[in-house]
>>> print(open('target-v7.csv').read())   # CSV, C-alpha atoms and all ligand atoms
chain,number,residue,atom,x,y,z
A,215,MET,CA,11.9,-22.2,45.6
A,216,THR,CA,14.7,-22.6,43.2
A,217,GLU,CA,16.5,-19.4,44.2
A,218,ASN,CA,20.1,-20.0,45.3
A,219,ASN,CA,19.7,-18.6,48.8
A,220,THR,CA,16.4,-20.5,49.5
A,221,ILE,CA,16.8,-22.4,52.7
A,222,LEU,CA,13.3,-23.8,53.0
A,223,GLY,CA,10.9,-24.4,50.2
A,224,ILE,CA,7.4,-25.7,50.8
A,225,ARG,CA,4.9,-26.3,48.0
A,226,GLN,CA,1.3,-27.3,48.3
A,227,ILE,CA,1.6,-29.3,51.5
A,228,SER,CA,-1.6,-30.7,53.0
A,229,PHE,CA,-1.9,-32.7,56.2
A,230,ALA,CA,-4.9,-34.4,57.9
A,231,TYR,CA,-5.4,-36.3,61.1
A,232,GLY,CA,-7.6,-39.1,59.8
A,233,LYS,CA,-10.4,-37.2,58.1
A,234,ARG,CA,-9.7,-33.9,60.0
A,235,PRO,CA,-7.7,-31.5,57.8
A,236,ALA,CA,-5.0,-29.5,59.5
A,237,LEU,CA,-3.1,-28.0,56.6
A,238,ASP,CA,-4.5,-27.2,53.2
A,239,ARG,CA,-2.1,-26.6,50.3
A,240,VAL,CA,0.4,-24.5,52.2
A,241,SER,CA,3.2,-23.0,50.1
A,242,PHE,CA,6.0,-20.6,51.0
A,243,SER,CA,9.8,-20.4,50.9
A,244,VAL,CA,12.3,-18.7,53.1
A,245,GLY,CA,15.7,-17.4,52.1
A,246,SER,CA,18.9,-17.3,54.2
A,247,GLY,CA,19.1,-14.9,57.2
A,248,GLN,CA,15.4,-14.1,57.6
A,249,ILE,CA,13.2,-14.3,60.7
A,250,MET,CA,9.7,-15.5,59.8
A,251,ALA,CA,6.9,-15.5,62.4
A,252,ILE,CA,4.1,-18.0,62.0
A,253,LEU,CA,0.8,-16.8,63.5
A,254,GLY,CA,-2.7,-18.0,63.5
A,255,PRO,CA,-5.7,-18.6,65.7
A,256,ASN,CA,-6.1,-21.8,67.7
A,257,GLY,CA,-6.4,-24.8,65.5
A,258,SER,CA,-5.1,-23.0,62.4
A,259,GLY,CA,-2.3,-25.6,61.8
A,260,LYS,CA,0.8,-23.9,63.4
A,261,SER,CA,1.8,-27.0,65.5
A,262,THR,CA,1.1,-29.3,62.6
A,263,LEU,CA,3.4,-27.3,60.4
A,264,PHE,CA,6.0,-27.3,63.2
A,265,LYS,CA,5.8,-31.0,63.5
A,266,LEU,CA,6.3,-31.5,59.8
A,267,LEU,CA,9.2,-29.1,59.7
A,268,SER,CA,10.9,-30.8,62.6
A,269,THR,CA,10.3,-34.2,61.1
A,270,LEU,CA,8.1,-35.4,63.9
A,271,VAL,CA,5.5,-36.4,61.4
A,272,PRO,CA,6.0,-37.5,57.8
A,273,LEU,CA,4.8,-35.5,54.8
A,274,GLN,CA,1.4,-36.7,53.4
A,275,SER,CA,1.2,-34.6,50.3
A,276,GLY,CA,3.2,-31.7,48.7
A,277,ASP,CA,6.9,-31.0,48.6
A,278,MET,CA,9.2,-29.8,51.4
A,279,ILE,CA,12.9,-29.1,50.8
A,280,CYS,CA,15.5,-27.8,53.2
A,281,LYS,CA,18.9,-26.8,51.9
A,282,GLY,CA,18.2,-28.8,48.7
A,283,VAL,CA,17.3,-32.0,50.7
A,284,ASP,CA,13.9,-33.4,50.2
A,285,TYR,CA,12.0,-34.3,53.3
A,286,ARG,CA,10.6,-37.3,51.5
A,287,ALA,CA,14.1,-38.9,51.8
A,288,GLY,CA,13.4,-39.3,55.5
A,289,ALA,CA,14.3,-37.5,58.7
A,290,ALA,CA,18.0,-38.5,58.8
A,291,PRO,CA,19.3,-36.6,55.7
A,292,VAL,CA,17.4,-33.4,56.6
A,293,ARG,CA,18.1,-33.2,60.3
A,294,PRO,CA,21.7,-31.9,60.1
A,295,PHE,CA,20.2,-28.7,58.5
A,296,LEU,CA,17.6,-28.3,61.2
A,297,GLY,CA,17.9,-26.8,64.7
A,298,VAL,CA,14.7,-27.3,66.7
A,299,VAL,CA,13.6,-25.7,70.0
A,300,PHE,CA,10.4,-27.3,71.3
A,301,GLN,CA,8.0,-25.5,73.5
A,302,SER,CA,8.4,-28.0,76.3
A,303,PRO,CA,11.9,-28.1,77.7
A,304,SER,CA,14.1,-30.8,76.3
A,305,LEU,CA,17.1,-30.3,78.6
A,306,ASP,CA,17.9,-32.8,81.4
A,307,LYS,CA,17.5,-30.8,84.5
A,308,LYS,CA,19.8,-33.0,86.6
A,309,LEU,CA,22.7,-32.6,84.2
A,310,THR,CA,24.8,-29.5,83.9
A,311,VAL,CA,24.5,-27.1,81.0
A,312,ARG,CA,27.7,-28.5,79.5
A,313,GLU,CA,26.7,-32.1,80.0
A,314,ASN,CA,23.4,-31.5,78.2
A,315,LEU,CA,25.2,-30.0,75.2
A,316,ARG,CA,27.7,-32.9,75.2
A,317,CYS,CA,24.8,-35.4,75.0
A,318,HIS,CA,23.4,-33.6,72.1
A,319,ALA,CA,26.8,-33.3,70.3
A,320,ALA,CA,27.1,-37.1,70.6
A,321,LEU,CA,23.8,-37.6,68.7
A,322,TYR,CA,25.4,-35.6,65.8
A,323,GLY,CA,28.7,-37.4,65.9
A,324,LEU,CA,30.6,-34.5,67.4
A,325,SER,CA,33.4,-35.3,69.8
A,326,GLY,CA,36.8,-34.3,71.1
A,327,GLN,CA,38.2,-30.8,70.7
A,328,GLU,CA,35.9,-29.8,67.9
A,329,ARG,CA,32.9,-30.6,70.2
A,330,ASP,CA,34.3,-28.7,73.2
A,331,LYS,CA,35.2,-25.7,71.0
A,332,ARG,CA,31.7,-25.5,69.5
A,333,ILE,CA,30.0,-25.9,72.9
A,334,GLN,CA,32.2,-23.1,74.4
A,335,ALA,CA,31.5,-20.8,71.4
A,336,TRP,CA,27.8,-21.2,71.5
A,337,LEU,CA,27.6,-20.8,75.2
A,338,GLU,CA,29.5,-17.6,75.0
A,339,ARG,CA,27.4,-16.3,72.1
A,340,LEU,CA,24.2,-16.9,74.0
A,341,ARG,CA,25.7,-15.5,77.2
A,342,VAL,CA,25.4,-18.6,79.3
A,343,ALA,CA,29.1,-19.7,79.4
A,344,ASP,CA,29.4,-18.7,83.1
A,345,ARG,CA,26.7,-21.2,84.0
A,346,ALA,CA,28.2,-24.1,82.1
A,347,GLN,CA,29.1,-26.2,85.2
A,348,GLU,CA,25.7,-25.7,86.8
A,349,ARG,CA,22.8,-28.0,86.7
A,350,VAL,CA,20.0,-26.9,84.4
A,351,GLU,CA,17.5,-26.9,87.3
A,352,THR,CA,19.3,-23.9,88.8
A,353,LEU,CA,18.8,-21.7,85.8
A,354,SER,CA,16.0,-19.2,85.2
A,355,GLY,CA,13.5,-19.8,82.4
A,356,GLY,CA,15.2,-17.3,80.2
A,357,LEU,CA,18.6,-18.8,80.6
A,358,ALA,CA,17.4,-22.3,80.1
A,359,ARG,CA,15.7,-21.2,76.9
A,360,ARG,CA,19.0,-19.8,75.7
A,361,VAL,CA,20.8,-23.1,76.5
A,362,GLU,CA,18.1,-24.8,74.4
A,363,ILE,CA,19.0,-22.6,71.5
A,364,ALA,CA,22.7,-23.2,72.0
A,365,LYS,CA,21.9,-26.9,71.9
A,366,ALA,CA,19.9,-26.6,68.8
A,367,LEU,CA,22.7,-24.7,67.0
A,368,LEU,CA,25.6,-27.0,68.0
A,369,HIS,CA,25.6,-29.0,64.8
A,370,GLY,CA,25.5,-25.8,62.6
A,371,PRO,CA,22.0,-25.9,61.1
A,372,ALA,CA,20.9,-23.4,58.5
A,373,LEU,CA,17.3,-23.4,59.7
A,374,LEU,CA,16.3,-22.8,63.4
A,375,ILE,CA,12.7,-23.5,64.2
A,376,LEU,CA,11.3,-22.5,67.5
A,377,ASP,CA,7.8,-23.2,68.9
A,378,GLU,CA,6.7,-20.3,71.0
A,379,PRO,CA,10.0,-19.9,72.7
A,380,SER,CA,8.9,-16.9,74.8
A,381,THR,CA,6.1,-18.8,76.6
A,382,GLY,CA,6.5,-18.3,80.3
A,383,LEU,CA,9.4,-15.8,80.0
A,384,ASP,CA,9.2,-12.3,81.7
A,385,PRO,CA,9.5,-9.3,79.4
A,386,ARG,CA,13.2,-8.8,80.0
A,387,SER,CA,14.1,-12.4,79.2
A,388,ARG,CA,11.9,-12.2,76.1
A,389,ALA,CA,13.8,-9.1,74.9
A,390,GLU,CA,17.1,-10.9,75.5
A,391,LEU,CA,16.0,-13.9,73.7
A,392,TRP,CA,14.9,-11.8,70.7
A,393,ASP,CA,18.3,-10.0,70.7
A,394,SER,CA,20.0,-13.4,70.5
A,395,LEU,CA,17.8,-14.4,67.5
A,396,VAL,CA,18.5,-11.1,65.7
A,397,GLU,CA,22.2,-11.6,66.2
A,398,LEU,CA,22.0,-15.2,64.8
A,399,ARG,CA,20.2,-13.8,61.8
A,400,ASP,CA,22.6,-10.9,61.2
A,401,ARG,CA,25.9,-12.5,62.1
A,402,ASP,CA,25.4,-16.1,61.2
A,403,ARG,CA,22.7,-15.8,58.5
A,404,VAL,CA,20.7,-18.4,60.3
A,405,THR,CA,17.1,-18.6,59.0
A,406,ILE,CA,14.6,-18.6,61.8
A,407,LEU,CA,11.0,-19.7,61.9
A,408,ILE,CA,9.2,-18.9,65.1
A,409,THR,CA,5.6,-19.7,66.1
A,410,THR,CA,4.4,-17.0,68.5
A,411,HIS,CA,1.3,-15.8,70.3
A,412,LEU,CA,3.0,-12.4,70.9
A,413,MET,CA,2.2,-9.5,68.6
A,414,GLU,CA,5.4,-7.7,69.6
A,415,GLU,CA,7.5,-10.6,68.2
A,416,ALA,CA,5.5,-10.8,65.0
A,417,GLU,CA,6.0,-7.0,64.5
A,418,LYS,CA,9.8,-7.4,64.8
A,419,SER,CA,10.1,-10.3,62.3
A,420,ASP,CA,11.1,-9.9,58.7
A,421,ARG,CA,8.1,-11.8,57.5
A,422,THR,CA,4.8,-12.8,58.9
A,423,LEU,CA,3.0,-16.0,57.8
A,424,ILE,CA,-0.6,-16.1,58.9
A,425,LEU,CA,-2.5,-19.4,58.9
A,426,ASP,CA,-6.2,-19.7,59.2
A,427,GLU,CA,-8.0,-23.0,59.1
A,428,GLY,CA,-4.9,-24.6,57.6
A,429,ARG,CA,-4.4,-22.1,54.8
A,430,VAL,CA,-1.9,-19.3,54.3
A,431,VAL,CA,-3.9,-16.1,54.4
A,432,ALA,CA,-0.9,-13.7,54.5
A,433,ASP,CA,2.8,-14.0,53.8
A,434,GLU,CA,4.4,-10.6,53.9
A,435,SER,CA,6.5,-8.3,56.1
A,436,PRO,CA,4.5,-6.7,59.0
A,437,GLU,CA,4.9,-3.3,57.3
A,438,GLU,CA,3.5,-4.6,54.0
A,439,LEU,CA,0.6,-6.2,55.8
A,440,ILE,CA,-0.3,-3.0,57.5
A,441,ARG,CA,-0.1,-1.1,54.3
A,442,ARG,CA,-2.7,-3.5,52.8
A,443,TYR,CA,-5.2,-2.0,55.2
A,444,PRO,CA,-4.5,1.7,55.2
A,445,HIS,CA,-7.1,2.9,57.6
A,446,ASP,CA,-6.9,4.4,61.1
A,447,VAL,CA,-9.1,3.4,64.0
A,448,LEU,CA,-11.1,5.9,66.0
A,449,CYS,CA,-12.3,4.7,69.4
A,450,ILE,CA,-14.8,6.8,71.4
A,451,HIS,CA,-15.9,6.0,74.9
A,452,THR,CA,-19.3,7.4,75.6
A,453,HIS,CA,-22.8,6.6,76.9
A,454,HIS,CA,-24.2,8.0,73.7
A,455,THR,CA,-22.9,5.5,71.1
A,456,GLU,CA,-26.0,5.4,69.0
A,457,GLN,CA,-26.4,9.2,68.7
A,458,ILE,CA,-22.7,9.7,67.8
A,459,ALA,CA,-22.7,6.8,65.3
A,460,ARG,CA,-25.7,8.4,63.6
A,461,PHE,CA,-23.9,11.8,63.5
A,462,VAL,CA,-20.8,10.3,62.1
A,463,SER,CA,-22.6,8.4,59.3
A,464,GLU,CA,-24.7,11.4,58.4
A,465,ARG,CA,-21.7,13.7,58.2
A,466,PHE,CA,-19.0,11.3,56.8
A,467,GLY,CA,-20.9,8.6,55.0
A,468,SER,CA,-21.0,4.8,55.6
A,469,LEU,CA,-17.8,4.1,57.5
A,470,ALA,CA,-17.2,0.7,59.1
A,471,MET,CA,-18.5,1.0,62.7
A,472,GLU,CA,-18.8,-1.3,65.6
A,473,SER,CA,-20.9,-0.2,68.5
A,474,LYS,CA,-20.7,-1.8,71.9
A,475,PRO,CA,-22.1,-0.5,75.2
A,476,ASP,CA,-20.2,2.7,75.9
A,477,HIS,CA,-17.7,2.1,73.1
A,478,LEU,CA,-17.8,3.1,69.5
A,479,ARG,CA,-15.1,2.0,67.0
A,480,VAL,CA,-14.9,3.6,63.6
A,481,GLU,CA,-12.6,2.7,60.7
A,482,VAL,CA,-11.5,5.9,59.0
A,483,GLY,CA,-9.3,6.7,56.0
A,484,SER,CA,-5.8,7.6,57.0
A,485,THR,CA,-6.3,11.3,56.2
A,486,GLU,CA,-9.8,11.9,57.5
A,487,GLY,CA,-9.4,10.9,61.2
A,488,ALA,CA,-8.5,14.4,62.5
A,489,GLY,CA,-11.5,16.0,60.8
A,490,ILE,CA,-13.9,13.5,62.3
A,491,VAL,CA,-12.4,13.9,65.8
A,492,ALA,CA,-12.8,17.7,65.5
A,493,ALA,CA,-16.4,17.4,64.3
A,494,VAL,CA,-17.4,14.8,67.0
A,495,MET,CA,-15.7,16.8,69.8
A,496,GLY,CA,-17.3,20.0,68.5
A,497,GLN,CA,-20.7,18.5,68.8
A,498,PHE,CA,-20.5,16.1,71.7
A,499,ALA,CA,-17.6,17.3,73.9
A,500,ARG,CA,-19.6,16.8,77.1
A,501,GLU,CA,-20.9,13.4,76.2
A,502,ILE,CA,-17.5,11.9,75.5
A,503,GLY,CA,-15.2,10.3,78.0
A,504,SER,CA,-12.3,9.8,75.7
A,505,VAL,CA,-11.3,9.6,72.1
A,506,THR,CA,-8.3,7.8,70.6
A,507,LEU,CA,-7.2,7.8,67.0
A,508,SER,CA,-4.6,5.1,66.1
A,509,ARG,CA,-2.9,3.7,63.1
A,510,THR,CA,-3.7,0.2,61.8
A,511,SER,CA,-1.9,-2.3,63.9
A,512,LEU,CA,-0.9,-5.9,63.0
A,513,ASP,CA,-3.5,-6.9,65.5
A,514,GLU,CA,-6.2,-5.2,63.3
A,515,VAL,CA,-4.8,-6.9,60.2
A,516,PHE,CA,-4.9,-10.3,62.0
A,517,PHE,CA,-8.6,-9.6,62.9
A,518,LYS,CA,-9.4,-8.7,59.3
A,519,LEU,CA,-7.8,-11.8,57.9
A,520,THR,CA,-9.0,-14.4,60.4
A,521,GLY,CA,-12.0,-12.8,62.0
A,522,LYS,CA,-10.4,-13.4,65.4
A,523,SER,CA,-8.5,-11.0,67.6
A,524,PHE,CA,-4.9,-11.8,68.2
A,525,ALA,CA,-5.2,-11.1,71.9
A,526,GLN,CA,-8.0,-13.7,72.1
A,527,SER,CA,-5.9,-16.4,70.5
A,528,GLN,CA,-3.2,-15.6,73.0
A,529,GLU,CA,-5.5,-15.9,76.0
A,530,LYS,CA,-6.9,-19.3,74.9
A,531,ALA,CA,-3.4,-20.6,74.4
A,532,ALA,CA,-2.1,-19.4,77.7
B,601,LIG,N1,-3.3,-35.3,67.2
B,601,LIG,C1,-4.4,-34.8,66.6
B,601,LIG,N2,-5.4,-35.6,66.3
B,601,LIG,C2,-6.5,-35.1,65.6
B,601,LIG,N3,-6.6,-33.8,65.3
B,601,LIG,C3,-5.6,-33.0,65.6
B,601,LIG,C4,-4.4,-33.4,66.2
B,601,LIG,N4,-3.6,-32.4,66.4
B,601,LIG,C5,-4.3,-31.3,65.9
B,601,LIG,N5,-5.4,-31.7,65.4
B,601,LIG,C6,-6.4,-30.8,64.6
B,601,LIG,O1,-5.7,-30.2,63.5
B,601,LIG,C7,-6.1,-28.9,63.4
B,601,LIG,C8,-4.8,-28.0,63.5
B,601,LIG,O2,-4.3,-28.1,64.8
B,601,LIG,P1,-2.9,-27.5,65.2
B,601,LIG,O3,-2.6,-28.0,66.6
B,601,LIG,O4,-1.9,-27.8,64.2
B,601,LIG,O5,-3.2,-25.9,65.3
B,601,LIG,P2,-2.5,-24.8,66.1
B,601,LIG,O6,-2.6,-23.6,65.2
B,601,LIG,O7,-1.2,-25.2,66.5
B,601,LIG,O8,-3.4,-24.6,67.3
B,601,LIG,P3,-3.0,-24.0,68.8
B,601,LIG,O9,-2.7,-22.5,68.6
B,601,LIG,O10,-4.2,-24.2,69.6
B,601,LIG,O11,-1.8,-24.8,69.3
B,601,LIG,C9,-7.1,-28.6,64.4
B,601,LIG,O12,-8.4,-28.8,63.9
B,601,LIG,C10,-6.8,-29.6,65.5
B,601,LIG,O13,-8.0,-29.9,66.2
>>> encode(input="target-v7.csv", output="C-alpha cells", more="lines below")
Ligand SMILES: Nc1ncnc2c1ncn2[C@@H]1O[C@H](COP(=O)(O)OP(=O)(O)OP(=O)(O)O)[C@@H](O)[C@H]1O
Amino acid sequence: MTENNTILGIRQISFAYGKRPALDRVSFSVGSGQIMAILGPNGSGKSTLFKLLSTLVPLQSGDMICKGVDYRAGAAPVRPFLGVVFQSPSLDKKLTVRENLRCHAALYGLSGQERDKRIQAWLERLRVADRAQERVETLSGGLARRVEIAKALLHGPALLILDEPSTGLDPRSRAELWDSLVELRDRDRVTILITTHLMEEAEKSDRTLILDEGRVVADESPEELIRRYPHDVLCIHTHHTEQIARFVSERFGSLAMESKPDHLRVEVGSTEGAGIVAAVMGQFAREIGSVTLSRTSLDEVFFKLTGKSFAQSQEKAA
C-alpha cells in the first residue's frame, strides 16, 4: 500500500446496508498498469465495492486511498483520479458523440483547445473518431461502450473502473473492447479494475480478485490461482457410473468423484490422468460414450473457492 507505484490501496474495508453486511474487511492494492478482474457469485459484494470505489457511497470503515488521496476527504479530491464506466449507459442518446464528451469535459473544468484536442485524441485511440458528429442513438452497443470509455478517460484518470462493460456485447465487440483496455494498460499505464461475469475476461486479466460473501477469497494472477489446484478433471459419459466409480476407487484409491446420472467426474493428479483413462477404457470401452481429460480451469478454481459454478453466477445475473 505504500509502494511508489500503488494506484489504489484498500485496507480492511467493511460495508453494511443497515444490519446486512456486504463487505467484510476487504484489503488489496493495485499498482500502475495492471488489469484486475473482480469476480464473485451473486451477492458477494462486487457492486458494493464498485459503488465505494466510484464514490457513489461513502466509506463506513477501513481505509481507501487512490493516488495518495484518502477517500475520507470526500468525493471531490479523489474524482480527478478516477474514470468510471457504469453498467447502465451514461451517454445522452440524443446528443452527438462529441457533444457528450464536451459535457463531460465541462464537469472537469476542461475547455477550449485543450478540451478539443483531448476529445479528438481519445476518440481516435478508441477508434470512434469517424462517428464523432453522429448521435449516440445511432451507434452499436460496442461503439457506444467505447465512447463511454473515451468519456471516462478524458480528464486523465490513473484508475479506470468498469462495471461489467461487456454485458450485452457480441463476441467481436467484446474482443475489441478488451483490445482497447489492453492498449490503455500497456501504452498509458492506466490501472483497470473490471467486474465481470465472463471467465474469458478473468483469464486475460493480470490479477483476479474473487469475493465470496463480502470477503476476499483469492487475489492472484489467473495462472497462480490455477497452480494452487494442480489437478486434472476426467469426465466420463456412461450409463454405468456406479460400476465405473467403484472400479476407479478400487484401482486408484479415494479420488474426489462426483456422480450424476450418466456423468462421472473425477479429479485426478496432473500425472495420473492418462493411466486412469487407459485403465477405464481397457475395462469399459463398450459402456462409455465419451471421455475427456482436461486441465484445471479458472472455472474449477472459482467453484472450489466459492462452492458455486461461475457459469451459474453468469446465468443468474443475465
Ligand atoms: N441497496 C441495498 N440494500 C440492502 N442490501 C443490499 C443492497 N444492495 C446490496 N445489498 C446486499 O448486499 C450484499 C452484497 O450485494 P452486492 O450487490 O454488492 O453483490 P454483487 O456481488 O454485486 O451481486 P450481483 O452479482 O448479484 O450484482 C447482498 O447480500 C445484497 O443483498
>>> atom_distance(input="target-v7.csv", atom1="CA of Leu383 (chain A)", atom2="CA of Glu414 (chain A)")
13.8 Å
>>> residues_near_point(input="target-v7.csv", point="(-1.5, -6.7, 59.0)", cutoff="7 Å", atoms="all atoms listed in the file", output="PyMOL selection string")
chain A and resi 436+439-440+511-516
>>> residues_near_ligand(input="target-v7.csv", ligand="ligand LIG 601 (chain B)", cutoff="6 Å", atoms="all atoms listed in the file", output="ChimeraX atom specification")
/A:231,236,254-262
>>> atom_distance(input="target-v7.csv", atom1="CA of His451 (chain A)", atom2="CA of Gln497 (chain A)")
14.7 Å
>>> closest_atom_pairs(input="target-v7.csv", of="region 316-397 of chain A", to="region 265-276 of chain A", cutoff="12 Å", atoms="only C-alpha atoms", output="Markdown table")
| residue | atom | partner | partner_atom | distance |
| --- | --- | --- | --- | --- |
| A:Ala366 | CA | A:Ser268 | CA | 11.7 |
| A:Leu373 | CA | A:Leu267 | CA | 9.9 |
| A:Leu374 | CA | A:Ser268 | CA | 9.7 |
| A:Ile375 | CA | A:Ser268 | CA | 7.7 |
| A:Leu376 | CA | A:Ser268 | CA | 9.6 |
| A:Asp377 | CA | A:Lys265 | CA | 9.7 |
>>> residues_around(input="target-v7.csv", residues="Arg332 (chain A)", least_positions_apart="3", cutoff="12 Å", atoms="only C-alpha atoms", output="ChimeraX atom specification")
/A:312,315-316,318-319,324-329,335-339,343,364-370
>>> closest_residue(input="target-v7.csv", among="A:Asp402, A:Glu437, A:Asp330, A:Asp277", to="Gly223 (chain A)", atoms="only C-alpha atoms")
A:Asp277
>>> residues_around(input="target-v7.csv", residues="Val482 (chain A)", least_positions_apart="4", cutoff="12 Å", atoms="all atoms listed in the file", output="compact mmCIF listing (two decimals) with C-alpha atoms, in the coordinates of the input")
# COMPACT_ATOMS: atom_id res chain seq x y z
CA TYR A 443 -5.20 -2.00 55.20
CA PRO A 444 -4.50 1.70 55.20
CA HIS A 445 -7.10 2.90 57.60
CA ASP A 446 -6.90 4.40 61.10
CA VAL A 447 -9.10 3.40 64.00
CA LEU A 448 -11.10 5.90 66.00
CA CYS A 449 -12.30 4.70 69.40
CA VAL A 462 -20.80 10.30 62.10
CA SER A 463 -22.60 8.40 59.30
CA PHE A 466 -19.00 11.30 56.80
CA GLY A 467 -20.90 8.60 55.00
CA SER A 468 -21.00 4.80 55.60
CA LEU A 469 -17.80 4.10 57.50
CA ALA A 470 -17.20 0.70 59.10
CA MET A 471 -18.50 1.00 62.70
CA GLU A 486 -9.80 11.90 57.50
CA GLY A 487 -9.40 10.90 61.20
CA ALA A 488 -8.50 14.40 62.50
CA GLY A 489 -11.50 16.00 60.80
CA ILE A 490 -13.90 13.50 62.30
CA VAL A 491 -12.40 13.90 65.80
CA LEU A 507 -7.20 7.80 67.00
CA SER A 508 -4.60 5.10 66.10
CA ARG A 509 -2.90 3.70 63.10
CA THR A 510 -3.70 0.20 61.80
>>> atom_distance(input="target-v7.csv", atom1="CA of Leu412 (chain A)", atom2="CA of Ser246 (chain A)")
23.6 Å
>>> residues_around(input="target-v7.csv", residues="region 345-355 of chain A", least_positions_apart="5", cutoff="7 Å", atoms="all atoms listed in the file", output="ChimeraX atom specification")
/A:306-312,383
>>> write_last_selection(input="target-v7.csv", atoms="C-alpha atoms", output="tab-separated table (two decimals), keeping the file's coordinate frame")
chain	number	residue	atom	x	y	z
A	306	ASP	CA	17.90	-32.80	81.40
A	307	LYS	CA	17.50	-30.80	84.50
A	308	LYS	CA	19.80	-33.00	86.60
A	309	LEU	CA	22.70	-32.60	84.20
A	310	THR	CA	24.80	-29.50	83.90
A	311	VAL	CA	24.50	-27.10	81.00
A	312	ARG	CA	27.70	-28.50	79.50
A	383	LEU	CA	9.40	-15.80	80.00
>>> residues_around(input="target-v7.csv", residues="Ser241 (chain A)", least_positions_apart="6", cutoff="8 Å", atoms="all atoms listed in the file", output="ChimeraX atom specification")
/A:223-227,430
>>> residues_near_point(input="target-v7.csv", point="(9.5, -19.0, 68.1)", cutoff="8 Å", atoms="only C-alpha atoms", output="JSON, numbers by chain")
{"A": [251, 375, 376, 377, 378, 379, 380, 407, 408, 409, 410]}
>>> closest_residue(input="target-v7.csv", among="A:Val480, A:Ile450, A:Leu340, A:Val396", to="Ile502 (chain A)", atoms="only C-alpha atoms")
A:Ile450
>>> closest_residue(input="target-v7.csv", among="A:Met250, A:Leu263, A:Ala492, A:Val342", to="Asp238 (chain A)", atoms="only C-alpha atoms")
A:Leu263
>>> closest_residue(input="target-v7.csv", among="A:Glu313, A:Glu472, A:Glu397, A:Asp433", to="Glu456 (chain A)", atoms="only C-alpha atoms")
A:Glu472
